[in-house]
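Here is the file data16.txt (compact mmCIF, C-alpha atoms).
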```txt
# COMPACT_ATOMS: atom_id res chain seq x y z
CA MET A 1 99.02 94.23 135.05
CA GLN A 2 102.21 96.01 133.94
CA GLY A 3 103.41 92.81 132.26
CA ASN A 4 100.14 92.53 130.33
CA ASN A 5 100.41 96.16 129.19
CA LEU A 6 103.92 95.51 127.93
CA LYS A 7 102.66 92.46 126.04
CA TYR A 8 99.90 94.51 124.40
CA PHE A 9 102.54 96.92 123.15
CA THR A 10 105.15 94.40 121.98
CA ASN A 11 102.69 92.09 120.19
CA GLY A 12 102.46 94.40 117.20
CA LEU A 13 106.22 94.77 116.94
CA ILE A 14 107.17 91.15 116.32
CA THR A 15 104.75 88.42 117.44
CA GLU A 16 101.72 89.85 115.63
CA ASN A 17 103.41 92.26 113.26
CA PRO A 18 100.48 93.43 111.11
CA VAL A 19 102.37 93.13 107.81
CA LEU A 20 104.79 90.23 108.25
CA ARG A 21 102.78 88.03 110.63
CA LEU A 22 99.10 88.93 110.11
CA VAL A 23 99.60 89.89 106.44
CA LEU A 24 97.34 92.95 106.70
CA GLY A 25 97.64 96.28 104.92
CA THR A 26 99.54 94.80 101.98
CA CYS A 27 98.11 97.28 99.45
CA PRO A 28 99.68 100.44 100.98
CA THR A 29 102.72 98.38 101.94
CA LEU A 30 103.46 97.53 98.31
CA ALA A 31 102.27 100.83 96.83
CA VAL A 32 104.04 103.50 98.89
CA THR A 33 107.35 101.82 99.77
CA THR A 34 109.30 103.04 96.75
CA ALA A 35 111.24 105.29 99.14
CA ALA A 36 112.10 105.07 102.83
CA VAL A 37 110.60 108.46 103.65
CA ASN A 38 107.27 107.36 102.15
CA GLY A 39 107.24 104.36 104.47
CA ILE A 40 107.82 106.56 107.50
CA GLY A 41 105.16 109.05 106.39
CA MET A 42 102.52 106.40 105.78
CA GLY A 43 103.42 104.55 108.97
CA VAL A 44 103.29 107.62 111.21
CA ALA A 45 99.96 108.72 109.72
CA ALA A 46 98.45 105.26 110.20
CA THR A 47 99.85 105.04 113.74
CA ALA A 48 98.29 108.36 114.73
CA VAL A 49 94.91 107.26 113.39
CA LEU A 50 95.26 103.83 114.97
CA VAL A 51 96.06 105.15 118.45
CA CYS A 52 93.36 107.84 118.39
CA SER A 53 90.65 105.56 116.99
CA ASN A 54 91.48 102.80 119.48
CA LEU A 55 91.24 105.34 122.28
CA ALA A 56 87.86 106.70 121.10
CA ILE A 57 86.36 103.27 120.36
CA SER A 58 87.47 101.91 123.72
CA LEU A 59 85.82 104.85 125.50
CA LEU A 60 82.60 104.36 123.50
CA ARG A 61 82.56 100.55 123.47
CA ASN A 62 79.63 100.31 125.91
CA ILE A 63 77.65 102.98 124.08
CA ILE A 64 77.92 101.92 120.43
CA PRO A 65 75.12 99.42 119.55
CA ASP A 66 76.48 96.09 118.36
CA LYS A 67 74.43 96.14 115.14
CA VAL A 68 75.99 99.37 113.90
CA ARG A 69 79.47 98.97 115.33
CA ILE A 70 81.27 98.72 111.94
CA PRO A 71 79.70 101.92 110.51
CA ALA A 72 80.39 103.63 113.84
CA PHE A 73 84.02 102.50 113.79
CA ILE A 74 84.47 103.74 110.20
CA THR A 75 82.95 107.11 111.08
CA ILE A 76 85.30 107.53 114.04
CA ILE A 77 88.31 106.46 111.97
CA ALA A 78 87.31 108.77 109.10
CA GLY A 79 87.25 111.73 111.46
CA PHE A 80 90.80 111.12 112.62
CA VAL A 81 91.99 110.43 109.06
CA SER A 82 90.59 113.79 107.95
CA VAL A 83 92.53 115.56 110.72
CA VAL A 84 95.76 113.70 109.90
CA GLN A 85 95.35 114.37 106.18
CA MET A 86 94.91 118.11 106.76
CA LEU A 87 98.01 118.19 108.98
CA VAL A 88 100.07 116.32 106.40
CA LYS A 89 98.88 118.65 103.62
CA ALA A 90 99.76 121.69 105.72
CA PHE A 91 103.17 120.69 107.08
CA THR A 92 104.56 118.04 104.70
CA PRO A 93 103.02 118.59 101.25
CA SER A 94 105.73 116.47 99.60
CA ILE A 95 104.70 113.45 101.69
CA ASP A 96 101.06 114.14 100.88
CA LYS A 97 101.89 114.15 97.17
CA SER A 98 103.92 110.94 97.43
CA LEU A 99 101.26 109.02 99.36
CA GLY A 100 98.46 110.25 97.13
CA ILE A 101 95.17 108.39 97.45
CA PHE A 102 96.59 105.97 100.03
CA LEU A 103 96.50 108.63 102.74
CA PRO A 104 92.69 109.08 102.75
CA LEU A 105 92.32 105.31 102.21
CA ILE A 106 93.61 104.82 105.76
CA VAL A 107 89.89 105.03 106.59
CA VAL A 108 89.42 101.48 105.33
CA ASN A 109 92.85 100.16 106.25
CA CYS A 110 92.25 96.60 107.43
CA ILE A 111 94.82 96.94 110.23
CA ILE A 112 92.90 99.79 111.85
CA LEU A 113 89.49 98.18 111.37
CA ALA A 114 90.81 94.86 112.68
CA ARG A 115 92.20 96.38 115.87
CA ALA A 116 88.98 98.33 116.42
CA GLU A 117 86.87 95.20 116.03
CA MET A 118 89.14 92.68 117.73
CA PHE A 119 90.73 94.71 120.52
CA ALA A 120 89.59 98.27 121.20
CA SER A 121 85.89 97.36 121.30
CA LYS A 122 86.59 94.72 123.95
CA ASN A 123 89.26 96.31 126.16
CA SER A 124 89.82 99.34 128.37
CA VAL A 125 91.59 102.52 127.29
CA LEU A 126 95.23 101.91 128.27
CA PRO A 127 95.54 98.44 126.69
CA SER A 128 93.79 99.73 123.56
CA VAL A 129 96.18 102.67 123.23
CA LEU A 130 99.21 100.44 123.79
CA ASP A 131 97.89 97.91 121.27
CA GLY A 132 97.41 100.66 118.68
CA LEU A 133 100.85 102.12 119.36
CA GLY A 134 102.57 98.73 119.10
CA MET A 135 100.75 97.80 115.89
CA GLY A 136 101.47 101.23 114.43
CA ILE A 137 105.18 101.08 115.21
CA GLY A 138 105.37 97.56 113.78
CA PHE A 139 103.62 98.75 110.62
CA THR A 140 105.91 101.80 110.35
CA ALA A 141 109.06 99.75 110.87
CA THR A 142 108.09 97.26 108.18
CA LEU A 143 107.19 99.98 105.66
CA THR A 144 110.43 101.85 106.39
CA LEU A 145 112.48 98.67 105.98
CA MET A 146 110.79 97.82 102.68
CA GLY A 147 111.13 101.40 101.47
CA SER A 148 114.83 101.49 102.39
CA ILE A 149 115.59 98.24 100.56
CA ARG A 150 113.67 99.24 97.42
CA GLU A 151 115.10 102.76 97.35
CA LEU A 152 118.66 101.57 97.92
CA LEU A 153 118.52 98.87 95.23
CA GLY A 154 116.25 100.71 92.83
CA ALA A 155 117.60 104.24 92.99
CA GLY A 156 120.95 103.89 94.77
CA THR A 157 119.84 106.36 97.43
CA LEU A 158 118.61 106.27 101.02
CA PHE A 159 116.32 109.03 102.30
CA GLY A 160 117.28 110.96 99.15
CA PHE A 161 121.04 110.80 99.75
CA GLU A 162 123.23 108.97 97.25
CA VAL A 163 124.70 105.79 98.72
CA THR A 164 125.43 103.15 96.07
CA LYS A 165 124.41 105.14 92.96
CA PRO A 166 127.95 106.37 92.15
CA PHE A 167 129.36 102.82 92.26
CA ILE A 168 126.51 100.45 91.32
CA GLU A 169 123.96 100.87 88.56
CA PRO A 170 120.50 101.13 90.21
CA MET A 171 118.10 98.26 89.44
CA THR A 172 114.92 100.19 88.67
CA VAL A 173 112.85 97.01 88.77
CA PHE A 174 112.82 97.38 92.56
CA LEU A 175 110.85 100.62 92.20
CA LEU A 176 108.22 98.81 90.13
CA PRO A 177 105.39 96.60 91.48
CA ALA A 178 107.38 93.45 90.67
CA GLY A 179 110.23 94.64 92.88
CA GLY A 180 107.77 95.42 95.68
CA PHE A 181 106.35 91.91 95.58
CA PHE A 182 109.86 90.42 95.50
CA VAL A 183 111.06 92.36 98.55
CA PHE A 184 107.80 91.64 100.38
CA GLY A 185 108.16 87.92 99.68
CA ILE A 186 111.74 87.89 100.95
CA LEU A 187 110.74 89.64 104.19
CA ILE A 188 107.86 87.18 104.71
CA ALA A 189 110.29 84.28 104.15
CA LEU A 190 112.74 85.71 106.69
CA SER A 191 109.91 86.26 109.16
CA ASN A 192 108.79 82.65 108.69
CA ALA A 193 112.33 81.40 109.21
CA VAL A 194 112.60 83.27 112.52
CA ALA A 195 109.14 82.06 113.60
CA LYS A 196 109.99 78.46 112.71
CA ARG A 197 113.24 78.62 114.67
CA LYS A 198 111.32 79.84 117.72
CA GLY A 199 108.69 77.11 117.33
CA LYS A 200 105.91 79.45 116.26
CA LYS A 201 103.43 79.03 113.41
CA VAL A 202 104.65 80.30 110.05
CA VAL A 203 102.56 82.32 107.61
CA GLU A 204 101.37 79.74 105.06
CA HIS A 205 98.21 81.37 103.72
CA LEU A 206 95.85 84.25 104.25
CA GLY A 207 92.47 84.18 105.94
CA CYS A 208 91.01 83.48 109.36
CA ALA A 209 93.25 80.52 110.10
CA ASN A 210 96.28 82.81 110.20
CA CYS A 211 94.73 85.33 112.61
CA PRO A 212 95.58 84.96 116.32
CA ALA A 213 92.36 86.80 117.24
CA ARG A 214 90.10 84.44 115.25
CA SER A 215 88.56 82.87 118.34
CA SER A 216 86.97 86.20 119.31
CA CYS A 217 85.82 87.16 115.83
CA LYS A 218 82.10 87.90 115.71
CA ASN A 219 82.01 87.42 111.95
CA ALA A 220 83.47 83.93 111.80
CA ASP A 221 80.83 81.46 110.64
CA LYS A 222 80.63 77.78 111.49
CA ALA A 223 82.16 76.65 108.21
CA SER A 224 85.14 78.92 108.70
CA CYS A 225 85.66 77.64 112.23
CA GLU A 226 85.67 74.05 110.96
CA GLU A 227 88.31 74.95 108.39
CA ILE A 228 90.37 76.65 111.11
CA LYS A 229 90.23 73.50 113.26
CA LYS A 230 91.36 71.36 110.31
CA GLU A 231 94.28 73.69 109.63
CA GLU A 232 95.32 73.66 113.29
CA VAL A 233 95.29 69.86 113.29
CA LYS A 234 97.58 69.87 110.22
CA VAL A 235 99.96 72.35 111.82
CA ASN A 236 100.13 70.46 115.12
CA ALA A 237 100.50 67.06 113.41
```

Translate this structure into structure tokens?
Amino acid sequence: MQGNNLKYFTNGLITENPVLRLVLGTCPTLAVTTAAVNGIGMGVAATAVLVCSNLAISLLRNIIPDKVRIPAFITIIAGFVSVVQMLVKAFTPSIDKSLGIFLPLIVVNCIILARAEMFASKNSVLPSVLDGLGMGIGFTATLTLMGSIRELLGAGTLFGFEVTKPFIEPMTVFLLPAGGFFVFGILIALSNAVAKRKGKKVVEHLGCANCPARSSCKNADKASCEEIKKEEVKVNA
């Protein structure tokens, strides 16, 4: 049991990293990572919502009717997002200003909705909390890494402190959307290289075929399942 709990936690860190392996939450990932501190702020906020919503949904999983589970999940998540947003506004207004609209948009963050649907609604409290914590830390680490790279190359600073700016002219393109896509692509390529070396499936495309939880998805139709089987045959060939 303890080994399983550890697996639930570590999955989100590397094996099923929500950004680099599942390719979820790319919109906030690209939008807010112009600075390292923004990545930490967004990641911590999303982690808090993820853990709390997983906990609540797991406790209510046998009460929520199946037909209204998605609206129920969104309502629960929205409640926690409101609390987190008020705390951020009160204690770190600079982070709130930097994150802008992406802070309240955590309500519809696909990472949080995916874990609610695929994990928390099917598992007990402790595994759900550990799953949310692991996914949140993995998300935070990736955003912080991207933010650090873009800030260092684009502004010559790291967490606001000058590092390379006095010696190297900052490449402001890394603070622009193009730079975000470039850094994101490089990190995906590195993640694929590590996965390939360990004999694991690389990220080749988006969609159901790339999701490790696809077999338990209630929304997967027959056509999608057939496509998934074809893709798996290609990968294993």

Please identify all polymer residues within 10 Å of Ser82 in chain A, counting only C-alpha atoms, omitting same-chain residues fewer than 5 positions from it, and present them as a compact mmCIF listing (two decimals) with C-alpha atoms, keeping the file's coordinate frame.
```txt
# COMPACT_ATOMS: atom_id res chain seq x y z
CA VAL A 49 94.91 107.26 113.39
CA ILE A 77 88.31 106.46 111.97
CA LEU A 87 98.01 118.19 108.98
CA VAL A 88 100.07 116.32 106.40
CA LEU A 103 96.50 108.63 102.74
CA PRO A 104 92.69 109.08 102.75
CA ILE A 106 93.61 104.82 105.76
CA VAL A 107 89.89 105.03 106.59
```

The distance between CA of Ser191 in chain A and CA of Gly179 in chain A is 18.3 Å

Here CA of Ala56 in chain A and CA of Phe9 in chain A stand apart by 17.8 Å

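Residues in contact range of range 165-171 of chain A, defined as at most 7 Å between all atoms listed in the file, with sequence neighbours fewer than 6 positions away removed, read Leu153, Gly154, Ala155, Gly156 and Thr157 of chain A.
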
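You will find CA of Ser98 in chain A at 21.3 Å from CA of Leu24 in chain A.
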
| message | Applying 7 Å and all atoms listed in the file, which residues near range 120-136 of chain A remain after dropping the ones on its own chain fewer than 3 positions away? List them as number ranges by chain. | response | A: 5, 8-13, 17-18, 43, 46-47, 50-51, 54-55, 57-59, 61, 115-117, 139-140

How about saving the chosen residues, C-alpha atoms kept, as a PDB file, keeping the file's coordinate frame?
```
ATOM      1  CA  ASN A   5     100.410  96.160 129.190  1.00  0.00           C
ATOM      2  CA  TYR A   8      99.900  94.510 124.400  1.00  0.00           C
ATOM      3  CA  PHE A   9     102.540  96.920 123.150  1.00  0.00           C
ATOM      4  CA  THR A  10     105.150  94.400 121.980  1.00  0.00           C
ATOM      5  CA  ASN A  11     102.690  92.090 120.190  1.00  0.00           C
ATOM      6  CA  GLY A  12     102.460  94.400 117.200  1.00  0.00           C
ATOM      7  CA  LEU A  13     106.220  94.770 116.940  1.00  0.00           C
ATOM      8  CA  ASN A  17     103.410  92.260 113.260  1.00  0.00           C
ATOM      9  CA  PRO A  18     100.480  93.430 111.110  1.00  0.00           C
ATOM     10  CA  GLY A  43     103.420 104.550 108.970  1.00  0.00           C
ATOM     11  CA  ALA A  46      98.450 105.260 110.200  1.00  0.00           C
ATOM     12  CA  THR A  47      99.850 105.040 113.740  1.00  0.00           C
ATOM     13  CA  LEU A  50      95.260 103.830 114.970  1.00  0.00           C
ATOM     14  CA  VAL A  51      96.060 105.150 118.450  1.00  0.00           C
ATOM     15  CA  ASN A  54      91.480 102.800 119.480  1.00  0.00           C
ATOM     16  CA  LEU A  55      91.240 105.340 122.280  1.00  0.00           C
ATOM     17  CA  ILE A  57      86.360 103.270 120.360  1.00  0.00           C
ATOM     18  CA  SER A  58      87.470 101.910 123.720  1.00  0.00           C
ATOM     19  CA  LEU A  59      85.820 104.850 125.500  1.00  0.00           C
ATOM     20  CA  ARG A  61      82.560 100.550 123.470  1.00  0.00           C
ATOM     21  CA  ARG A 115      92.200  96.380 115.870  1.00  0.00           C
ATOM     22  CA  ALA A 116      88.980  98.330 116.420  1.00  0.00           C
ATOM     23  CA  GLU A 117      86.870  95.200 116.030  1.00  0.00           C
ATOM     24  CA  PHE A 139     103.620  98.750 110.620  1.00  0.00           C
ATOM     25  CA  THR A 140     105.910 101.800 110.350  1.00  0.00           C
TER      26      THR A 140
END
```

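Considering the residues A:Phe184, A:Thr75, A:Ala141, A:Thr172 and counting all atoms listed in the file, Ile14 in chain A has its shortest atom-to-atom contact with A:Ala141.
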
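Across A:Ser94, A:Thr164, A:Ser53, A:Thr34, the tightest approach to Ser148 in chain A is made by A:Thr34 when counting all atoms listed in the file.
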
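Proximity to Thr15 in chain A was assessed for A:Gly100, A:Gly39, A:Gly138, A:Gly185 counting all atoms listed in the file; the smallest distance is recorded for A:Gly138.
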
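Among the candidate residues A:Lys200, A:Ala178, A:Met42, A:Val173, the one lying nearest to Asp96 in chain A is A:Met42, with distances computed using all atoms listed in the file.
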
Among A:Asn192, A:Thr144, A:Asn109, A:Thr92, Ala35 in chain A is approached most closely, using only C-alpha atoms, by A:Thr144

How big is the axis-aligned box around all listed atoms of range 135-152 of chain A once 3 Å goes on each side, and where's its centre, in Å to one decimal, as AutoDock Vina command-line options?
```
--center_x 109.7 --center_y 100.0 --center_z 106.6 --size_x 23.9 --size_y 11.5 --size_z 24.5
```

Phe80 in chain A proximity check over A:Ala114, A:Ala193, A:Ala45, A:Ile63, using all atoms listed in the file: winner is A:Ala45
